[in-house]
Amino acid sequence: MSPAMYNRLWAAFLDTVQMVGASALIALLVGIPIAVFLVVSSPGGFYEAPRLNRAVAAVVNGFRATPFIVLLVALLPFTRFLTGTTIGVWAAIVPLSISATPFFARIAEVSLREVDKGLIEAAQAMGCRKWHIVRHVLLPEALPGIVGGFTITVVTMIGASAMAGAVGAGGLGDMAIRYGYQRFDTAVMVAVIIVLVAMVTIVQFAGDYTVRRLRDR
Amino acid sequence: MLGTMAAPLPVDAVANTVQARARAISPAGPGAVRFERLDKTYHSAAGAVRALEEIDLEIPTGRIYGIIGRSGAGKSSLLRTINRLEEPTSGRVIVDGQDIGRFDENALVQLRRRIGMIFQHFNLLSAKTVRENVALPLVVAGLPRRRIDQRVDEVLALVGLEGKHDVYPSRLSGGQKQRVGIARALVHKPEILLCDEATSALDPETTLSILRLLRDINRSLGLTIILITHEMSVIREVCENVLVLEQGRIAEEGPVWQVFGDPKHDATRALLRPLSRDLPEDLAARLAPRPVAGGETIIELHYTGAQGGDPDLARLAATLGTSLRLLHGTIDRIQGHAQGTLLVAARGISEQDLDALKGHVGSARVVGYVASDV
Ligand SMILES: Nc1ncnc2c1ncn2[C@@H]1O[C@H](COP(=O)(O)OP(=O)(O)OP(=O)(O)O)[C@@H](O)[C@H]1O
Ligand SMILES: [Mg+2]
């Protein structure tokens, strides 16, 4: 590979990091409130709201059921509306975060639901308000599961971001297709794969390590 | 967020009311709980369950009050109406003369800060240290950091957990966890402490130490303790009054010595029966409380395994200077230690004579007397 190609690879890597990083942040900030809402508003939760719960759950399921590649195309008008373009890193962040948020919300929901009911009761008995229970009981107790779920989400998003590359989002996927596939440059293809595998491995390792640290106390 | 909450009582003010409370001994005073025609029905997919029926009861202030009853009798349901973890279907719960059913969210939070609760499975937050667990009730009440630290140190010292401040609950033994639970329940200086099978997950020795702690707290702080247990020994050990529930109704209620000494209700007798399980029925039927002329003394020998060696009946007989007949009993060998209880018959032995057996057996007591050979 030529030095120019190394520079392109580096730039593509940064694009991917940017895409995945920004969408992961959005998924985190939006997904957790959704997950908390789904848990506390479900029957038996401490903020029961069955109708709204079903409505939110239906929307989440709808997005979860749509394959990313379909979502990517279906969201093009919306993406153009938001970012003024349908190509480039920022345009990719729209479908990526919209796909990752419900995915992550469901995983986080499972962890939150697993928090021992006895802990919530104990919190109520000591005079905690609903917000306190979310803040001091639900989120901290579910944290290992949430971190684990977030790791899975990020890994999935690294894969999805490569797909977004196929429709001109830039990043490693874009590069693999343009050089590796269209120009038969095997060296570039292999290099992209190595970078992707390294990224996934590092994310997974960091996630697993954090989860272990959190559980081991 | 914190600004929207009612101003919490300063710790000192709470302390003063505790003392004022200890002086006022009126049944409707602080820490008194009254149930008026309380009903609780659960509705679930399987149908309606009437867990409590027309409970009329007054729990006096400053006592340790026990609640017993078979599984499903409604003990937890009753206890949990006191801090409204459970809402009654009808009837009223009066705490300190106030109908708590009328309380709005703010008043309810304030009420719960005056009622501590401990649980069978401790319910400690695994993501928080001992200090953070105990501090949480004060943190959510919005007390200043310095006051919280001071109070947390106080209660942790009270429950005997100095030096464990920064440990996570998973590193503690069951007994230590329950001490954290107690510290957390006491941190607000409550008037009432609710205990739902608080010692059920603990070994007997730890149970005893927790019970001692509860009794000390009851005496020194003058707070009302209401506890549910399946262990009759717990009731005998610490409770002054006991309530027996049976299928959601009050079977009987009164001082422990009365209820246990002369149980009136079948449910109570059924609960007490396992205590005399070592006495075979035929023997129990013939047992007399006083020595019978020409009869025998029935002695229960208990081996804890700490005595070493195997039960040596010949040696016991020699020590007592009489012959012994083995009637009933079990000895288990657990990791080389002989443990268990033996029932023996001997002629002409009284309670005092058993002192001579010290060192040979864990404990020995006269169970009763029978007329002729058994
Ligand atoms: N949340 C609930 N939903 C439906 N039924 C319930 C619920 N909680 C309790 N019950 C029923 O109410 C009755 C009384 O239950 P409760 O838990 O008060 O009994 P308990 O005396 O505490 O029993 P245990 O000694 O087993 O703890 C039982 O028949 C139980 O099945
Ligand atoms: Mg119970």
# chains A, B, ... in the order shown; residues from 1 in each chain; ligands from 1
$ residues_near_ligand --ligand "ligand 1" --cutoff "12 Å" --atoms "only C-alpha atoms and all ligand atoms" --output "NGL selection string"
(:A and (44 or 117)) or (:B and (39-53 or 67-81 or 85-88 or 119-120 or 195-198 or 200 or 227-231 or 243-250 or 271))
$ residues_around --residues "Ile94 of chain B" --least-positions-apart "2" --cutoff "10 Å" --atoms "only C-alpha atoms" --output "compact mmCIF listing (two decimals) with N, CA, C and O atoms, in the first residue's frame"
# COMPACT_ATOMS: atom_id res chain seq x y z
N ALA B 28 -51.54 6.10 72.04
CA ALA B 28 -51.65 6.77 70.75
C ALA B 28 -50.42 7.62 70.46
O ALA B 28 -50.39 8.38 69.52
N ALA B 32 -46.89 4.36 67.96
CA ALA B 32 -48.04 3.47 68.14
C ALA B 32 -48.71 3.24 66.80
O ALA B 32 -48.81 4.14 65.97
N VAL B 33 -49.15 2.00 66.61
CA VAL B 33 -49.80 1.64 65.35
C VAL B 33 -51.15 1.03 65.68
O VAL B 33 -51.26 0.21 66.60
N ARG B 34 -52.17 1.47 64.98
CA ARG B 34 -53.49 0.88 65.19
C ARG B 34 -54.10 0.50 63.85
O ARG B 34 -54.01 1.26 62.88
N PHE B 35 -54.67 -0.68 63.81
CA PHE B 35 -55.38 -1.12 62.60
C PHE B 35 -56.87 -1.10 62.91
O PHE B 35 -57.29 -1.59 63.96
N GLU B 36 -57.64 -0.54 62.01
CA GLU B 36 -59.09 -0.51 62.19
C GLU B 36 -59.80 -1.19 61.03
O GLU B 36 -59.74 -0.71 59.90
N GLU B 58 -54.20 -3.01 68.16
CA GLU B 58 -53.41 -1.87 68.58
C GLU B 58 -52.03 -2.38 68.99
O GLU B 58 -51.91 -3.29 69.80
N ILE B 82 -48.09 -0.81 57.18
CA ILE B 82 -47.70 0.22 58.15
C ILE B 82 -46.91 1.34 57.49
O ILE B 82 -46.98 2.49 57.91
N GLY B 91 -60.52 -0.21 55.38
CA GLY B 91 -60.05 -0.06 56.75
C GLY B 91 -58.96 0.98 56.83
O GLY B 91 -58.55 1.54 55.82
N ARG B 92 -58.50 1.20 58.07
CA ARG B 92 -57.53 2.27 58.25
C ARG B 92 -56.31 1.79 59.03
O ARG B 92 -56.39 0.88 59.84
N ASP B 96 -49.24 6.96 65.00
CA ASP B 96 -49.16 8.18 65.81
C ASP B 96 -50.44 9.00 65.73
O ASP B 96 -50.42 10.22 65.61
N GLY B 97 -51.57 8.31 65.73
CA GLY B 97 -52.84 9.02 65.73
C GLY B 97 -53.26 9.57 64.38
O GLY B 97 -54.30 10.23 64.28
N GLN B 98 -52.47 9.31 63.33
CA GLN B 98 -52.83 9.85 62.01
C GLN B 98 -53.21 8.73 61.05
O GLN B 98 -52.51 7.72 60.97
N ASP B 99 -54.27 8.94 60.33
CA ASP B 99 -54.70 7.98 59.32
C ASP B 99 -53.77 8.10 58.11
O ASP B 99 -53.86 9.05 57.34
N ILE B 100 -52.88 7.12 57.94
CA ILE B 100 -51.86 7.27 56.90
C ILE B 100 -52.42 7.08 55.50
O ILE B 100 -51.78 7.42 54.52
N GLY B 101 -53.64 6.54 55.41
CA GLY B 101 -54.27 6.36 54.11
C GLY B 101 -54.57 7.69 53.43
O GLY B 101 -54.71 7.76 52.22
$ interface_residues --of "chain A" --to "chain B" --cutoff "10 Å" --atoms "only C-alpha atoms" --output "ChimeraX atom specification"
/A:116-129,131-133,136-144,214-217
$ write_last_selection --atoms "N, CA, C and O atoms" --output "tab-separated table (two decimals), in the first residue's frame"
chain	number	residue	atom	x	y	z
A	116	ASP	N	-33.44	-6.36	41.42
A	116	ASP	CA	-34.26	-6.99	42.45
A	116	ASP	C	-35.36	-6.05	42.94
A	116	ASP	O	-35.09	-4.93	43.36
A	117	LYS	N	-36.60	-6.53	42.88
A	117	LYS	CA	-37.74	-5.74	43.35
A	117	LYS	C	-37.56	-5.33	44.82
A	117	LYS	O	-38.03	-4.28	45.26
A	118	GLY	N	-36.88	-6.21	45.57
A	118	GLY	CA	-36.66	-5.93	46.98
A	118	GLY	C	-35.87	-4.64	47.19
A	118	GLY	O	-36.09	-3.93	48.17
A	119	LEU	N	-34.96	-4.36	46.25
A	119	LEU	CA	-34.15	-3.13	46.39
A	119	LEU	C	-35.03	-1.90	46.19
A	119	LEU	O	-34.87	-0.89	46.87
A	120	ILE	N	-35.96	-2.00	45.25
A	120	ILE	CA	-36.86	-0.87	45.00
A	120	ILE	C	-37.75	-0.66	46.22
A	120	ILE	O	-37.97	0.46	46.67
A	121	GLU	N	-38.19	-1.78	46.78
A	121	GLU	CA	-39.02	-1.69	47.99
A	121	GLU	C	-38.25	-1.06	49.14
A	121	GLU	O	-38.77	-0.21	49.86
A	122	ALA	N	-37.02	-1.52	49.30
A	122	ALA	CA	-36.21	-0.96	50.39
A	122	ALA	C	-36.06	0.54	50.20
A	122	ALA	O	-36.14	1.31	51.16
A	123	ALA	N	-35.86	0.95	48.94
A	123	ALA	CA	-35.70	2.38	48.67
A	123	ALA	C	-36.99	3.13	48.98
A	123	ALA	O	-36.95	4.20	49.60
A	124	GLN	N	-38.11	2.56	48.58
A	124	GLN	CA	-39.38	3.22	48.91
A	124	GLN	C	-39.56	3.32	50.41
A	124	GLN	O	-39.98	4.34	50.94
A	125	ALA	N	-39.21	2.22	51.10
A	125	ALA	CA	-39.41	2.19	52.55
A	125	ALA	C	-38.54	3.22	53.27
A	125	ALA	O	-38.87	3.67	54.35
A	126	MET	N	-37.40	3.61	52.65
A	126	MET	CA	-36.54	4.58	53.34
A	126	MET	C	-36.89	6.01	52.93
A	126	MET	O	-36.23	6.95	53.35
A	127	GLY	N	-37.95	6.18	52.13
A	127	GLY	CA	-38.38	7.53	51.78
A	127	GLY	C	-37.77	8.07	50.50
A	127	GLY	O	-37.59	9.28	50.37
A	128	CYS	N	-37.44	7.18	49.56
A	128	CYS	CA	-36.96	7.63	48.27
A	128	CYS	C	-38.14	8.00	47.38
A	128	CYS	O	-39.15	7.31	47.39
A	129	ARG	N	-37.98	9.07	46.62
A	129	ARG	CA	-38.98	9.38	45.61
A	129	ARG	C	-38.63	8.65	44.34
A	129	ARG	O	-37.55	8.07	44.22
A	131	TRP	N	-37.72	9.53	41.41
A	131	TRP	CA	-36.47	9.95	40.77
A	131	TRP	C	-35.27	9.37	41.51
A	131	TRP	O	-34.30	8.93	40.90
A	132	HIS	N	-35.34	9.36	42.84
A	132	HIS	CA	-34.24	8.80	43.64
A	132	HIS	C	-34.04	7.32	43.33
A	132	HIS	O	-32.91	6.83	43.31
A	133	ILE	N	-35.15	6.64	43.13
A	133	ILE	CA	-35.05	5.20	42.88
A	133	ILE	C	-34.35	4.97	41.54
A	133	ILE	O	-33.48	4.10	41.43
A	136	HIS	N	-30.56	6.22	42.22
A	136	HIS	CA	-29.71	5.53	43.20
A	136	HIS	C	-29.86	4.02	43.19
A	136	HIS	O	-29.02	3.32	43.76
A	137	VAL	N	-30.94	3.51	42.61
A	137	VAL	CA	-31.15	2.07	42.65
A	137	VAL	C	-31.10	1.47	41.24
A	137	VAL	O	-30.19	0.70	40.93
A	138	LEU	N	-32.05	1.86	40.40
A	138	LEU	CA	-32.16	1.21	39.09
A	138	LEU	C	-30.88	1.34	38.26
A	138	LEU	O	-30.30	0.33	37.84
A	139	LEU	N	-30.45	2.57	38.03
A	139	LEU	CA	-29.29	2.74	37.14
A	139	LEU	C	-28.00	2.14	37.72
A	139	LEU	O	-27.33	1.37	37.02
A	140	PRO	N	-27.62	2.45	38.96
A	140	PRO	CA	-26.36	1.87	39.46
A	140	PRO	C	-26.40	0.34	39.53
A	140	PRO	O	-25.41	-0.31	39.22
A	141	GLU	N	-27.55	-0.21	39.92
A	141	GLU	CA	-27.61	-1.66	40.06
A	141	GLU	C	-27.58	-2.35	38.70
A	141	GLU	O	-27.08	-3.47	38.57
A	142	ALA	N	-28.14	-1.69	37.69
A	142	ALA	CA	-28.17	-2.30	36.37
A	142	ALA	C	-26.93	-1.96	35.55
A	142	ALA	O	-26.77	-2.42	34.43
A	143	LEU	N	-26.05	-1.15	36.12
A	143	LEU	CA	-24.92	-0.63	35.35
A	143	LEU	C	-24.08	-1.70	34.65
A	143	LEU	O	-23.78	-1.55	33.45
A	144	PRO	N	-23.70	-2.79	35.33
A	144	PRO	CA	-22.90	-3.79	34.61
A	144	PRO	C	-23.61	-4.28	33.35
A	144	PRO	O	-23.00	-4.36	32.27
A	214	LEU	N	-17.04	-3.76	37.43
A	214	LEU	CA	-18.28	-3.34	38.10
A	214	LEU	C	-18.91	-4.48	38.88
A	214	LEU	O	-19.46	-4.29	39.96
A	215	ARG	N	-18.85	-5.69	38.31
A	215	ARG	CA	-19.47	-6.81	38.99
A	215	ARG	C	-18.66	-7.26	40.20
A	215	ARG	O	-19.19	-7.83	41.13
A	216	ASP	N	-17.38	-7.02	40.14
A	216	ASP	CA	-16.49	-7.53	41.18
A	216	ASP	C	-16.44	-6.57	42.36
A	216	ASP	O	-15.38	-6.07	42.73
A	217	ARG	N	-17.61	-6.27	42.93
A	217	ARG	CA	-17.58	-5.43	44.12
A	217	ARG	C	-18.78	-5.72	45.00
A	217	ARG	O	-19.59	-6.56	44.65
$ select_by_dssp --residues "segment 156-305 of chain B" --states "strand (DSSP E or B)" --output "ChimeraX atom specification"
/B:192-196,224-228,241-246,249-255,288,296-303
$ residues_around --residues "segment 10-14 of chain A" --least-positions-apart "2" --cutoff "10 Å" --atoms "only C-alpha atoms" --output "ChimeraX atom specification"
/A:4-8,16-20,165,170-176,192,195-196,199
$ write_last_selection --atoms "C-alpha atoms" --output "PDB file, in the first residue's frame"
ATOM      1  CA  ALA A   4      -1.329   7.955   0.252  1.00  0.00           C
ATOM      2  CA  MET A   5      -3.389   4.854   0.892  1.00  0.00           C
ATOM      3  CA  TYR A   6      -2.232   4.788   4.501  1.00  0.00           C
ATOM      4  CA  ASN A   7      -3.411   8.343   4.841  1.00  0.00           C
ATOM      5  CA  ARG A   8      -6.756   7.409   3.312  1.00  0.00           C
ATOM      6  CA  THR A  16     -15.751   5.500  11.301  1.00  0.00           C
ATOM      7  CA  VAL A  17     -14.753   6.418  14.853  1.00  0.00           C
ATOM      8  CA  GLN A  18     -16.647   9.672  14.474  1.00  0.00           C
ATOM      9  CA  MET A  19     -19.763   8.017  13.048  1.00  0.00           C
ATOM     10  CA  VAL A  20     -19.848   5.266  15.612  1.00  0.00           C
ATOM     11  CA  GLY A 165     -20.332   3.270   3.886  1.00  0.00           C
ATOM     12  CA  GLY A 170     -17.427   7.439   4.081  1.00  0.00           C
ATOM     13  CA  GLY A 171     -15.417   5.535   6.640  1.00  0.00           C
ATOM     14  CA  LEU A 172     -13.856   2.084   6.521  1.00  0.00           C
ATOM     15  CA  GLY A 173     -16.787   0.408   4.782  1.00  0.00           C
ATOM     16  CA  ASP A 174     -16.725   2.955   2.026  1.00  0.00           C
ATOM     17  CA  MET A 175     -13.005   2.428   1.557  1.00  0.00           C
ATOM     18  CA  ALA A 176     -13.278  -1.362   1.461  1.00  0.00           C
ATOM     19  CA  VAL A 192      -9.588  -2.471   6.336  1.00  0.00           C
ATOM     20  CA  VAL A 195      -8.563  -2.277  11.364  1.00  0.00           C
ATOM     21  CA  LEU A 196     -12.220  -3.266  11.802  1.00  0.00           C
ATOM     22  CA  MET A 199     -11.621  -1.868  16.638  1.00  0.00           C
TER      23      MET A 199
END
$ atom_distance --atom1 "atom CA of Gly362 of chain B" --atom2 "atom CA of Tyr303 of chain B"
4.8 Å
$ select_by_dssp --residues "segment 16-89 of chain A" --states "helix (DSSP H, G or I)" --output "JSON, numbers by chain"
{"A": [16, 17, 18, 19, 20, 21, 22, 23, 24, 25, 26, 27, 28, 29, 30, 31, 32, 33, 34, 35, 36, 37, 38, 39, 40, 50, 51, 52, 53, 54, 55, 56, 57, 58, 59, 60, 61, 62, 63, 64, 65, 68, 69, 70, 71, 72, 73, 74, 76, 77, 78, 79, 80, 81, 82, 83, 89]}
$ atom_distance --atom1 "atom CA of Thr156 of chain A" --atom2 "atom CA of Phe68 of chain A"
10.6 Å
$ atom_distance --atom1 "atom CA of Ala162 of chain A" --atom2 "atom CA of Ser97 of chain A"
14.0 Å
$ residues_around --residues "Val256 of chain B" --least-positions-apart "2" --cutoff "8 Å" --atoms "only C-alpha atoms" --output "PyMOL selection string"
chain B and resi 235-236+239-242+254+258-261
